[in-house]
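Asks: Pasting a structure below so you can have a look.
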Amino acid sequence: MGTGTLSIDLDALCANWRALDALSAPEVETAAVVKADGYGLGAGRVARALTRAGARRFFVAVAEEGAALRQALGPDPEICVFAGHMAADADMLHDLALTPMLNSIEQMTRHFEALPGHPFGVQLDSGMNRLGLEPTEWQAARGIVMAQRPVLVMSHLACADEPDDPMNARQLAAFREMTEGLDVPLSLSATGGILLGPDYHFDLVRPGIGLYGGLPFAEARAVAHLALPVVQVREVAAGEPVGYGCAFTAEELSLIATVSAGYADGLIRAMGARAVLFAGEVPCPLAGRVSMDLLTVDVTHLPSVPSHLDILCAHQSVDDLAEAAGTIGYEILTSLGARYGRRYGGDGTPS
Ligand SMILES: *Cc1c(COP(=O)(O)O)cnc(C)c1O
């Protein structure tokens with residue numbers, strides 16, 4: 001097989017959900033964010049496993065993702081849409097029983113006209129200035145909106161991955177002020193906010209990245225493992241170049257393995273020479289530039305070259321790889337390409 005193998009450990013995923021769930025009080029609901037195809041790992045498979053772990057509510061970015069997820073999950077779990085009710089979404093929201101998180105007066109008008117009585121939530125802007133109603137808009141609309149009985153009122157933290165950032169407390173205060181006296185379930189926190197402690201939990205938390213093994217949930221178990229097949233191994237004499245732009249030159253007689261996967265598979269070119277692959281425990285540096293479909297790897301020091309080299313494994317997390325590429329684990333995961341063979345292991349039941 002010429003493609004890499006992306007193994008997704010559903011037991012680890014579910015263990016991460018349980019561990020995050022255990023960080024809030026029992027009466028706080030722990031939902032799961034499965035936008036962007038479950039952070040690149042397959043929204044349907046991921047959500048079905050999390051259902052077995054106990055998740056009852058899922059969040060996606062847009063209604064189209066919600067529609068696909070509904071097919072995978074069947075009628076029971078609640079599916080919420082962060083982008084709210086966009087023009088021409090009404091049929092999809094209705095037919096697939098999706099719950100939009102309404103972001104603006106315009107969306108509210110659209111929703112109440114097109115789908116009166118259809119469940120909805122409200123997203124408030126507590127300071128991030130990305131989605132949701134501003135405090136003054138909410139002040140004016142809240143009486144009318146509350147009369148329509150939203151299922152959730154939520155907001156989102158801009159800096160929750162930095163516990164000491166004063167923005168966290170500012171947003172907490174703003175959210176409290178905007179929701180004071182409301183008789184409705186409230187939600188403020190994603191993964192980072194869960195780790196900030198009980199003040200930030202309210203009635204429902206919405207972890208994403210922590211489920212998939214990424215920071216800021218440092219205790220997370222790794223969920224994605226990626227092994228890449230070695231296509232060819234060649235000797236390169238001292239002074240000979242490797243790859244595009246001849247960016248690598250062998251300093252001594254070297255053994256170079258050419259491995260099948262490249263930037264078209266989400267191994268972004270910016271990781272350049274800082275990335276390593278692993279032969280079991282042994283690190284093997286990239287030699288030269290990342291190509292579209294191939295990597296060249298220095299394996300001179302290996303006693304024998306295995307059939308596969310690992311790029312996501314026990315020795316290199318998504319965040320390690322992100323660091324080499326100057327990005328974040330979220331981008332590494334959601335960039336994982338469509339060409340990999342995907343294998344799902346475990347079923348989410350505790351081992
Ligand atoms: C993506 C997202 C989440 C999940 O965030 P993580 O940092 O991945 O846990 C929660 N809420 C909103 C509004 C989001 O956009």
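By order of appearance in the structure tokens: chains A, B, ..., then residues from 1 within every chain, and ligands from 1 in the order shown.
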Could you tell me, counting only C-alpha atoms and all ligand atoms, which protein and nucleic acid residues lie no more than 6 Å from ligand 1, written as a PyMOL selection string?
Replies: chain A and resi 33+156+190-191+206-210
Asks: Using all heavy atoms, can you write the selected residues to a file as a PDB file, in the first residue's frame?
Replies:
ATOM      1  N   VAL A  33     -17.404  18.749  20.744  1.00  0.00           N
ATOM      2  CA  VAL A  33     -17.326  19.526  19.514  1.00  0.00           C
ATOM      3  C   VAL A  33     -16.690  18.654  18.429  1.00  0.00           C
ATOM      4  O   VAL A  33     -15.578  18.138  18.607  1.00  0.00           O
ATOM      5  CB  VAL A  33     -16.532  20.830  19.733  1.00  0.00           C
ATOM      6  CG1 VAL A  33     -16.434  21.628  18.442  1.00  0.00           C
ATOM      7  CG2 VAL A  33     -17.194  21.668  20.830  1.00  0.00           C
ATOM      8  N   HIS A 156     -17.972  32.368  24.125  1.00  0.00           N
ATOM      9  CA  HIS A 156     -16.714  31.653  23.866  1.00  0.00           C
ATOM     10  C   HIS A 156     -15.539  32.501  24.338  1.00  0.00           C
ATOM     11  O   HIS A 156     -15.524  33.713  24.143  1.00  0.00           O
ATOM     12  CB  HIS A 156     -16.601  31.363  22.364  1.00  0.00           C
ATOM     13  CG  HIS A 156     -15.542  30.376  21.992  1.00  0.00           C
ATOM     14  ND1 HIS A 156     -15.392  29.152  22.608  1.00  0.00           N
ATOM     15  CD2 HIS A 156     -14.563  30.431  21.046  1.00  0.00           C
ATOM     16  CE1 HIS A 156     -14.377  28.493  22.057  1.00  0.00           C
ATOM     17  NE2 HIS A 156     -13.857  29.250  21.113  1.00  0.00           N
ATOM     18  N   ALA A 190     -14.845  25.898  26.366  1.00  0.00           N
ATOM     19  CA  ALA A 190     -14.322  24.795  25.561  1.00  0.00           C
ATOM     20  C   ALA A 190     -13.225  24.121  26.404  1.00  0.00           C
ATOM     21  O   ALA A 190     -13.202  24.261  27.623  1.00  0.00           O
ATOM     22  CB  ALA A 190     -13.790  25.348  24.252  1.00  0.00           C
ATOM     23  N   THR A 191     -12.318  23.400  25.770  1.00  0.00           N
ATOM     24  CA  THR A 191     -11.282  22.670  26.523  1.00  0.00           C
ATOM     25  C   THR A 191     -10.539  23.570  27.507  1.00  0.00           C
ATOM     26  O   THR A 191     -10.417  23.245  28.696  1.00  0.00           O
ATOM     27  CB  THR A 191     -10.265  22.042  25.548  1.00  0.00           C
ATOM     28  OG1 THR A 191     -10.959  21.200  24.634  1.00  0.00           O
ATOM     29  CG2 THR A 191      -9.210  21.227  26.303  1.00  0.00           C
ATOM     30  N   ARG A 206     -18.029  22.495  26.439  1.00  0.00           N
ATOM     31  CA  ARG A 206     -17.980  22.107  25.021  1.00  0.00           C
ATOM     32  C   ARG A 206     -16.553  21.796  24.593  1.00  0.00           C
ATOM     33  O   ARG A 206     -15.946  22.526  23.811  1.00  0.00           O
ATOM     34  CB  ARG A 206     -18.494  23.261  24.136  1.00  0.00           C
ATOM     35  CG  ARG A 206     -19.737  23.966  24.605  1.00  0.00           C
ATOM     36  CD  ARG A 206     -20.122  25.080  23.636  1.00  0.00           C
ATOM     37  NE  ARG A 206     -19.056  26.046  23.411  1.00  0.00           N
ATOM     38  CZ  ARG A 206     -18.920  27.200  24.081  1.00  0.00           C
ATOM     39  NH1 ARG A 206     -19.757  27.540  25.028  1.00  0.00           N
ATOM     40  NH2 ARG A 206     -17.909  28.002  23.782  1.00  0.00           N
ATOM     41  N   PRO A 207     -15.958  20.719  25.077  1.00  0.00           N
ATOM     42  CA  PRO A 207     -14.577  20.436  24.678  1.00  0.00           C
ATOM     43  C   PRO A 207     -14.471  19.954  23.235  1.00  0.00           C
ATOM     44  O   PRO A 207     -15.334  19.219  22.744  1.00  0.00           O
ATOM     45  CB  PRO A 207     -14.155  19.322  25.639  1.00  0.00           C
ATOM     46  CG  PRO A 207     -15.429  18.614  25.976  1.00  0.00           C
ATOM     47  CD  PRO A 207     -16.501  19.690  25.976  1.00  0.00           C
ATOM     48  N   GLY A 208     -13.404  20.383  22.581  1.00  0.00           N
ATOM     49  CA  GLY A 208     -13.044  19.884  21.257  1.00  0.00           C
ATOM     50  C   GLY A 208     -11.660  19.276  21.325  1.00  0.00           C
ATOM     51  O   GLY A 208     -11.483  18.080  21.564  1.00  0.00           O
ATOM     52  N   ILE A 209     -10.649  20.133  21.199  1.00  0.00           N
ATOM     53  CA  ILE A 209      -9.266  19.666  21.007  1.00  0.00           C
ATOM     54  C   ILE A 209      -8.811  18.661  22.063  1.00  0.00           C
ATOM     55  O   ILE A 209      -8.095  17.706  21.735  1.00  0.00           O
ATOM     56  CB  ILE A 209      -8.287  20.877  20.937  1.00  0.00           C
ATOM     57  CG1 ILE A 209      -6.897  20.456  20.466  1.00  0.00           C
ATOM     58  CG2 ILE A 209      -8.176  21.597  22.280  1.00  0.00           C
ATOM     59  CD1 ILE A 209      -6.801  20.078  19.022  1.00  0.00           C
ATOM     60  N   GLY A 210      -9.233  18.848  23.302  1.00  0.00           N
ATOM     61  CA  GLY A 210      -8.791  17.932  24.363  1.00  0.00           C
ATOM     62  C   GLY A 210      -9.243  16.501  24.109  1.00  0.00           C
ATOM     63  O   GLY A 210      -8.560  15.539  24.475  1.00  0.00           O
TER      64      GLY A 210
END
Asks: Need to verify the contact set: Met86 (chain A), 10 Å, only C-alpha atoms, exclusion of same-chain residues closer than 6 positions in sequence. Can you return it as a list in words?
Replies: Val62, Ala63, Leu93, Pro100, Leu102, Asn103, Glu106, Gln107, Arg110 and His111 of chain A
Asks: For the selection you just gave me, I'd like the residues written to a file as a compact mmCIF listing (two decimals), in the first residue's frame, keeping all heavy atoms.
Replies:
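This is the output file again_21.txt:
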# COMPACT_ATOMS: atom_id res chain seq x y z
N VAL A 62 -21.18 24.39 11.01
CA VAL A 62 -22.19 24.82 10.03
C VAL A 62 -23.26 23.74 9.86
O VAL A 62 -23.03 22.56 10.16
CB VAL A 62 -21.54 25.13 8.66
CG1 VAL A 62 -20.64 26.36 8.75
CG2 VAL A 62 -20.75 23.94 8.13
N ALA A 63 -24.42 24.15 9.35
CA ALA A 63 -25.56 23.23 9.24
C ALA A 63 -25.23 22.02 8.37
O ALA A 63 -25.68 20.90 8.65
CB ALA A 63 -26.78 23.99 8.69
N LEU A 93 -32.17 22.65 8.80
CA LEU A 93 -32.31 22.71 10.26
C LEU A 93 -33.57 21.96 10.69
O LEU A 93 -33.55 21.20 11.67
CB LEU A 93 -32.40 24.17 10.73
CG LEU A 93 -31.15 25.03 10.52
CD1 LEU A 93 -31.45 26.49 10.87
CD2 LEU A 93 -29.98 24.52 11.35
N PRO A 100 -29.74 25.63 15.85
CA PRO A 100 -28.79 26.73 15.56
C PRO A 100 -28.54 27.58 16.79
O PRO A 100 -29.45 27.84 17.58
CB PRO A 100 -29.53 27.54 14.48
CG PRO A 100 -30.98 27.33 14.78
CD PRO A 100 -31.09 25.93 15.34
N LEU A 102 -28.09 31.08 17.54
CA LEU A 102 -28.35 32.32 16.80
C LEU A 102 -27.37 33.41 17.24
O LEU A 102 -27.15 33.62 18.43
CB LEU A 102 -29.79 32.77 17.00
CG LEU A 102 -30.84 31.71 16.62
CD1 LEU A 102 -32.25 32.23 16.91
CD2 LEU A 102 -30.71 31.29 15.16
N ASN A 103 -26.78 34.10 16.25
CA ASN A 103 -25.67 35.01 16.49
C ASN A 103 -25.99 36.48 16.36
O ASN A 103 -25.15 37.31 16.69
CB ASN A 103 -24.55 34.69 15.48
CG ASN A 103 -23.85 33.40 15.83
OD1 ASN A 103 -23.28 33.30 16.90
ND2 ASN A 103 -23.90 32.42 14.95
N GLU A 106 -30.46 39.65 13.01
CA GLU A 106 -30.87 39.19 11.68
C GLU A 106 -31.17 37.68 11.71
O GLU A 106 -32.19 37.23 11.16
CB GLU A 106 -29.72 39.49 10.70
CG GLU A 106 -30.05 39.15 9.26
CD GLU A 106 -28.81 39.21 8.36
OE1 GLU A 106 -27.68 39.41 8.89
OE2 GLU A 106 -28.97 39.04 7.14
N GLN A 107 -30.31 36.90 12.34
CA GLN A 107 -30.54 35.45 12.41
C GLN A 107 -31.78 35.14 13.24
O GLN A 107 -32.51 34.20 12.95
CB GLN A 107 -29.33 34.74 13.02
CG GLN A 107 -28.13 34.69 12.10
CD GLN A 107 -27.14 33.59 12.51
OE1 GLN A 107 -27.25 33.01 13.58
NE2 GLN A 107 -26.21 33.30 11.62
N ARG A 110 -34.83 35.80 11.15
CA ARG A 110 -34.92 34.73 10.15
C ARG A 110 -35.46 33.44 10.78
O ARG A 110 -36.36 32.79 10.25
CB ARG A 110 -33.52 34.48 9.59
CG ARG A 110 -33.44 33.42 8.51
CD ARG A 110 -31.98 33.22 8.08
NE ARG A 110 -31.46 34.35 7.35
CZ ARG A 110 -30.22 34.84 7.48
NH1 ARG A 110 -29.38 34.31 8.35
NH2 ARG A 110 -29.83 35.86 6.76
N HIS A 111 -34.94 33.11 11.94
CA HIS A 111 -35.31 31.86 12.59
C HIS A 111 -36.76 31.87 13.06
O HIS A 111 -37.52 30.93 12.80
CB HIS A 111 -34.38 31.58 13.77
CG HIS A 111 -34.57 30.23 14.38
ND1 HIS A 111 -34.16 29.08 13.75
CD2 HIS A 111 -35.18 29.83 15.53
CE1 HIS A 111 -34.49 28.03 14.50
NE2 HIS A 111 -35.11 28.46 15.59
Asks: Show which residues sit within 7 Å of region 169-176 of chain A, as number ranges by chain. Count only C-alpha atoms, and ignore same-chain residues fewer than 2 positions away.
Replies: A: 126-127, 157, 166-167, 178-180
Asks: What residues in region 17-152 of chain A get the DSSP label helix (DSSP H, G or I)? Please answer as JSON, numbers by chain.
Replies: {"A": [17, 18, 19, 20, 21, 35, 36, 37, 38, 39, 43, 44, 45, 46, 47, 48, 49, 50, 51, 52, 53, 63, 64, 65, 66, 67, 68, 69, 70, 71, 72, 73, 90, 91, 92, 93, 94, 95, 105, 106, 107, 108, 109, 110, 111, 112, 113, 114, 135, 136, 137, 138, 139, 140, 141, 142, 143, 144, 145, 146, 147]}
Asks: Next, the residues of the selection above should be written as a PDB file, in the first residue's frame with C-alpha atoms.
Replies:
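Final output, selection-v7.pdb:
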ATOM      1  CA  TRP A  17     -13.981  12.725  27.108  1.00  0.00           C
ATOM      2  CA  ARG A  18     -14.414  10.976  30.468  1.00  0.00           C
ATOM      3  CA  ALA A  19     -11.356  12.714  31.917  1.00  0.00           C
ATOM      4  CA  LEU A  20     -12.647  16.131  30.818  1.00  0.00           C
ATOM      5  CA  ASP A  21     -16.138  15.255  32.055  1.00  0.00           C
ATOM      6  CA  LYS A  35     -16.687  20.410  13.741  1.00  0.00           C
ATOM      7  CA  ALA A  36     -14.299  20.142  10.778  1.00  0.00           C
ATOM      8  CA  ASP A  37     -15.049  16.423  10.448  1.00  0.00           C
ATOM      9  CA  GLY A  38     -14.245  15.710  14.055  1.00  0.00           C
ATOM     10  CA  TYR A  39     -10.999  17.738  13.931  1.00  0.00           C
ATOM     11  CA  ALA A  43     -17.044  13.184  12.742  1.00  0.00           C
ATOM     12  CA  GLY A  44     -19.388  10.223  12.382  1.00  0.00           C
ATOM     13  CA  ARG A  45     -17.071   7.617  13.891  1.00  0.00           C
ATOM     14  CA  VAL A  46     -15.876   9.989  16.593  1.00  0.00           C
ATOM     15  CA  ALA A  47     -19.385  11.063  17.594  1.00  0.00           C
ATOM     16  CA  ARG A  48     -20.742   7.501  17.629  1.00  0.00           C
ATOM     17  CA  ALA A  49     -17.938   6.433  19.955  1.00  0.00           C
ATOM     18  CA  LEU A  50     -18.525   9.465  22.201  1.00  0.00           C
ATOM     19  CA  THR A  51     -22.221   8.605  22.371  1.00  0.00           C
ATOM     20  CA  ARG A  52     -21.232   5.268  23.874  1.00  0.00           C
ATOM     21  CA  ALA A  53     -19.025   7.131  26.375  1.00  0.00           C
ATOM     22  CA  ALA A  63     -25.557  23.234   9.241  1.00  0.00           C
ATOM     23  CA  GLU A  64     -24.092  21.099   6.432  1.00  0.00           C
ATOM     24  CA  GLU A  65     -21.823  19.387   8.949  1.00  0.00           C
ATOM     25  CA  GLY A  66     -24.798  18.893  11.223  1.00  0.00           C
ATOM     26  CA  ALA A  67     -26.780  17.264   8.412  1.00  0.00           C
ATOM     27  CA  ALA A  68     -24.014  14.746   7.752  1.00  0.00           C
ATOM     28  CA  LEU A  69     -23.645  14.075  11.463  1.00  0.00           C
ATOM     29  CA  ARG A  70     -27.368  13.453  11.864  1.00  0.00           C
ATOM     30  CA  GLN A  71     -27.149  10.661   9.256  1.00  0.00           C
ATOM     31  CA  ALA A  72     -24.348   9.064  11.269  1.00  0.00           C
ATOM     32  CA  LEU A  73     -25.964   9.456  14.689  1.00  0.00           C
ATOM     33  CA  ALA A  90     -34.278  26.459   7.273  1.00  0.00           C
ATOM     34  CA  ASP A  91     -35.132  23.182   5.524  1.00  0.00           C
ATOM     35  CA  MET A  92     -31.926  21.514   6.660  1.00  0.00           C
ATOM     36  CA  LEU A  93     -32.313  22.711  10.256  1.00  0.00           C
ATOM     37  CA  HIS A  94     -35.914  21.504  10.284  1.00  0.00           C
ATOM     38  CA  ASP A  95     -35.608  18.184   8.454  1.00  0.00           C
ATOM     39  CA  ILE A 105     -30.755  39.999  15.399  1.00  0.00           C
ATOM     40  CA  GLU A 106     -30.869  39.187  11.679  1.00  0.00           C
ATOM     41  CA  GLN A 107     -30.537  35.452  12.413  1.00  0.00           C
ATOM     42  CA  MET A 108     -33.179  35.670  15.131  1.00  0.00           C
ATOM     43  CA  THR A 109     -35.659  37.328  12.807  1.00  0.00           C
ATOM     44  CA  ARG A 110     -34.920  34.726  10.148  1.00  0.00           C
ATOM     45  CA  HIS A 111     -35.308  31.856  12.588  1.00  0.00           C
ATOM     46  CA  PHE A 112     -38.513  32.987  14.287  1.00  0.00           C
ATOM     47  CA  GLU A 113     -40.122  33.679  10.894  1.00  0.00           C
ATOM     48  CA  ALA A 114     -38.995  30.536   9.066  1.00  0.00           C
ATOM     49  CA  PRO A 135     -24.200  43.410  25.105  1.00  0.00           C
ATOM     50  CA  THR A 136     -26.320  46.331  23.882  1.00  0.00           C
ATOM     51  CA  GLU A 137     -28.082  44.221  21.238  1.00  0.00           C
ATOM     52  CA  TRP A 138     -28.768  41.530  23.805  1.00  0.00           C
ATOM     53  CA  GLN A 139     -30.067  44.087  26.260  1.00  0.00           C
ATOM     54  CA  ALA A 140     -32.648  45.185  23.691  1.00  0.00           C
ATOM     55  CA  ALA A 141     -33.587  41.714  22.427  1.00  0.00           C
ATOM     56  CA  ARG A 142     -33.411  39.559  25.509  1.00  0.00           C
ATOM     57  CA  GLY A 143     -37.045  39.873  26.608  1.00  0.00           C
ATOM     58  CA  ILE A 144     -38.375  38.838  23.202  1.00  0.00           C
ATOM     59  CA  VAL A 145     -35.796  36.105  22.768  1.00  0.00           C
ATOM     60  CA  MET A 146     -36.269  34.587  26.216  1.00  0.00           C
ATOM     61  CA  ALA A 147     -40.020  34.394  25.557  1.00  0.00           C
TER      62      ALA A 147
END
Asks: Taking only C-alpha atoms into account, name the residue in A:Asp165, A:Val223, A:Pro306, A:Ala324 that is nearest to Leu286 (chain A).
Replies: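 So, comparing all the options, the nearest one is A:Ala324.
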Asks: Restricting the calculation to only C-alpha atoms: of A:His201, A:Val236, A:Gly280, A:Asp347, which residue gets closest to Asp298 (chain A)?
Replies: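 The shortest atom-to-atom distance to Asp298 (chain A) comes from A:Val236.
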Asks: Considering only strand (DSSP E) as DSSP defines it on the backbone, what residues of region 77-122 of chain A qualify? List them as a ChimeraX atom specification.
Replies: /A:78-81,98-102,121-122
Asks: Would you write out, as CSV, a table of all residues in region 306-338 of chain A that have an atom no more than 12 Å from an atom of region 226-229 of chain A, listing for each the closest atom pair and the distance in Å to one decimal, considering only C-alpha atoms and ordering rows by chain and rising residue number?
Replies:
residue,atom,partner,partner_atom,distance
A:Pro306,CA,A:Pro229,CA,8.8
A:Ser307,CA,A:Pro229,CA,5.9
A:His308,CA,A:Pro229,CA,4.3
A:Leu309,CA,A:Leu228,CA,5.3
A:Asp310,CA,A:Ala227,CA,4.3
A:Ile311,CA,A:Leu226,CA,5.7
A:Leu312,CA,A:Leu226,CA,4.8
A:Cys313,CA,A:Leu226,CA,6.8
A:Ala314,CA,A:Leu226,CA,10.4
A:His315,CA,A:Leu226,CA,11.7
A:Gln316,CA,A:Leu226,CA,10.1
A:Ser317,CA,A:Leu226,CA,10.2
A:Val318,CA,A:Leu226,CA,10.1
A:Leu321,CA,A:Leu226,CA,11.6
A:Ile332,CA,A:Leu226,CA,11.7
A:Leu333,CA,A:Leu226,CA,10.9
A:Leu336,CA,A:Leu226,CA,9.5
A:Gly337,CA,A:Leu226,CA,11.0
Asks: Output N, CA and C atoms for every residue in that selection, as an mmCIF file, in the first residue's frame.
Replies:
data_model
loop_
_atom_site.group_PDB
_atom_site.id
_atom_site.type_symbol
_atom_site.label_atom_id
_atom_site.label_comp_id
_atom_site.auth_asym_id
_atom_site.auth_seq_id
_atom_site.Cartn_x
_atom_site.Cartn_y
_atom_site.Cartn_z
ATOM 1 N N PRO A 306 12.878 0.109 8.566
ATOM 2 C CA PRO A 306 11.576 -0.560 8.646
ATOM 3 C C PRO A 306 10.702 -0.234 7.432
ATOM 4 N N SER A 307 9.589 -0.950 7.286
ATOM 5 C CA SER A 307 8.688 -0.703 6.149
ATOM 6 C C SER A 307 7.948 0.618 6.309
ATOM 7 N N HIS A 308 7.793 1.088 7.554
ATOM 8 C CA HIS A 308 7.084 2.346 7.820
ATOM 9 C C HIS A 308 7.871 3.199 8.807
ATOM 10 N N LEU A 309 7.737 4.502 8.667
ATOM 11 C CA LEU A 309 8.241 5.423 9.685
ATOM 12 C C LEU A 309 7.041 6.180 10.253
ATOM 13 N N ASP A 310 7.092 6.453 11.556
ATOM 14 C CA ASP A 310 5.961 7.110 12.226
ATOM 15 C C ASP A 310 6.197 8.612 12.311
ATOM 16 N N ILE A 311 5.134 9.375 12.073
ATOM 17 C CA ILE A 311 5.263 10.833 12.249
ATOM 18 C C ILE A 311 4.378 11.331 13.382
ATOM 19 N N LEU A 312 3.264 10.639 13.668
ATOM 20 C CA LEU A 312 2.503 10.871 14.903
ATOM 21 C C LEU A 312 2.543 9.565 15.683
ATOM 22 N N CYS A 313 3.118 9.600 16.882
ATOM 23 C CA CYS A 313 3.321 8.369 17.648
ATOM 24 C C CYS A 313 3.582 8.740 19.103
ATOM 25 N N ALA A 314 3.911 7.760 19.893
ATOM 26 C CA ALA A 314 4.144 8.017 21.321
ATOM 27 C C ALA A 314 5.259 9.038 21.528
ATOM 28 N N HIS A 315 6.181 9.134 20.595
ATOM 29 C CA HIS A 315 7.328 10.032 20.761
ATOM 30 C C HIS A 315 7.124 11.392 20.122
ATOM 31 N N GLN A 316 6.043 11.560 19.365
ATOM 32 C CA GLN A 316 5.796 12.852 18.714
ATOM 33 C C GLN A 316 4.293 13.088 18.635
ATOM 34 N N SER A 317 3.826 14.030 19.456
ATOM 35 C CA SER A 317 2.389 14.334 19.503
ATOM 36 C C SER A 317 2.019 15.315 18.399
ATOM 37 N N VAL A 318 0.724 15.555 18.241
ATOM 38 C CA VAL A 318 0.293 16.568 17.265
ATOM 39 C C VAL A 318 0.872 17.932 17.627
ATOM 40 N N LEU A 321 4.582 18.106 16.577
ATOM 41 C CA LEU A 321 4.688 18.321 15.132
ATOM 42 C C LEU A 321 4.286 19.754 14.781
ATOM 43 N N ILE A 332 -2.678 20.924 12.655
ATOM 44 C CA ILE A 332 -2.105 19.643 12.218
ATOM 45 C C ILE A 332 -3.232 18.611 12.063
ATOM 46 N N LEU A 333 -4.100 18.505 13.072
ATOM 47 C CA LEU A 333 -5.184 17.515 13.020
ATOM 48 C C LEU A 333 -6.142 17.782 11.860
ATOM 49 N N LEU A 336 -4.988 16.827 8.319
ATOM 50 C CA LEU A 336 -4.679 15.434 7.964
ATOM 51 C C LEU A 336 -5.438 15.041 6.706
ATOM 52 N N GLY A 337 -4.713 14.492 5.732
ATOM 53 C CA GLY A 337 -5.250 14.397 4.381
ATOM 54 C C GLY A 337 -6.236 13.271 4.153
#
Asks: Could you check which of A:Ala273, A:Thr258, A:Glu29, A:Leu124 is closest to Glu177 (chain A), using only C-alpha atoms?
Replies: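 Going through A:Ala273, A:Thr258, A:Glu29, A:Leu124 one by one, the smallest distance to Glu177 (chain A) is for A:Leu124.
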Asks: With only C-alpha atoms as the counted atoms, please give the residues lying no more than 12 Å from Val231 (chain A), apart from itself and same-chain residues fewer than 5 positions off, as a ChimeraX atom specification.
Replies: /A:1-4,256-261,293-297,305-309
Asks: Would you put the residues from that selection into a file with C-alpha atoms, as a compact mmCIF listing (two decimals), in the first residue's frame?
Replies:
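So the final result, stored in again16.txt, reads:
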# COMPACT_ATOMS: atom_id res chain seq x y z
CA MET A 1 0.00 0.00 0.00
CA GLY A 2 1.39 3.37 -1.04
CA THR A 3 -0.56 5.54 1.36
CA GLY A 4 0.09 6.23 5.00
CA ILE A 256 17.99 8.33 2.58
CA ALA A 257 14.49 6.84 2.81
CA THR A 258 11.78 8.29 0.58
CA VAL A 259 8.47 8.13 2.36
CA SER A 260 4.97 8.38 0.90
CA ALA A 261 3.15 11.49 2.23
CA ASP A 293 3.53 13.52 -1.92
CA LEU A 294 6.89 12.58 -0.48
CA LEU A 295 9.32 13.16 2.37
CA THR A 296 13.00 12.30 2.35
CA VAL A 297 14.37 11.09 5.65
CA VAL A 305 15.13 0.39 7.68
CA PRO A 306 11.58 -0.56 8.65
CA SER A 307 8.69 -0.70 6.15
CA HIS A 308 7.08 2.35 7.82
CA LEU A 309 8.24 5.42 9.68
Asks: Between A:Pro77, A:Gly329, A:Gly84, A:Gly40, which one has atoms that come closest to Ala61 (chain A), using only C-alpha atoms?
Replies: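 Between A:Pro77, A:Gly329, A:Gly84, A:Gly40, the residue approaching Ala61 (chain A) most closely is A:Gly84.
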Asks: Find the residues near His301 (chain A): any atom within 12 Å, counting only C-alpha atoms, skip ones fewer than 6 places away on the same chain, and give them as number ranges by chain.
Replies: A: 252-257, 278-279, 282-285
Asks: Those same residues - C-alpha atoms - I'd like them written as a tab-separated table (two decimals), in the first residue's frame.
Replies:
chain	number	residue	atom	x	y	z
A	252	GLU	CA	28.99	11.79	4.55
A	253	LEU	CA	27.83	8.63	2.82
A	254	SER	CA	24.16	8.60	3.87
A	255	LEU	CA	21.09	6.41	3.62
A	256	ILE	CA	17.99	8.33	2.58
A	257	ALA	CA	14.49	6.84	2.81
A	278	PHE	CA	10.47	7.76	14.13
A	279	ALA	CA	11.65	4.22	13.51
A	282	VAL	CA	14.70	6.24	17.10
A	283	PRO	CA	14.29	9.74	15.64
A	284	CYS	CA	15.14	10.21	11.97
A	285	PRO	CA	15.45	13.79	10.69
Asks: When you count only C-alpha atoms, which of these residues is closest to Phe202 (chain A): A:Gly245, A:Gly214, A:Pro185, A:Gly272?
Replies: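 Checking each of A:Gly245, A:Gly214, A:Pro185, A:Gly272 against Phe202 (chain A), counting only C-alpha atoms, the winner is A:Pro185.
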Asks: What is the CA of Glu235 (chain A) to CA of Ala250 (chain A) distance in Å?
Replies: 9.9 Å
Asks: Just to confirm, what's the straight-line distance from CA of Leu196 (chain A) to CA of Ala160 (chain A) in Å (one decimal)?
Replies: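 CA of Ala160 (chain A) lies at a distance of 7.4 Å from CA of Leu196 (chain A).
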Asks: Just to confirm, what's the straight-line distance from CA of Ala83 (chain A) to CA of Gly192 (chain A) in Å (one decimal)?
Replies: 20.7 Å
Asks: Taking only C-alpha atoms into account, which of A:Ala220, A:Val299, A:Ala55, A:Leu115 comes nearest Thr30 (chain A)?
Replies: A:Ala55
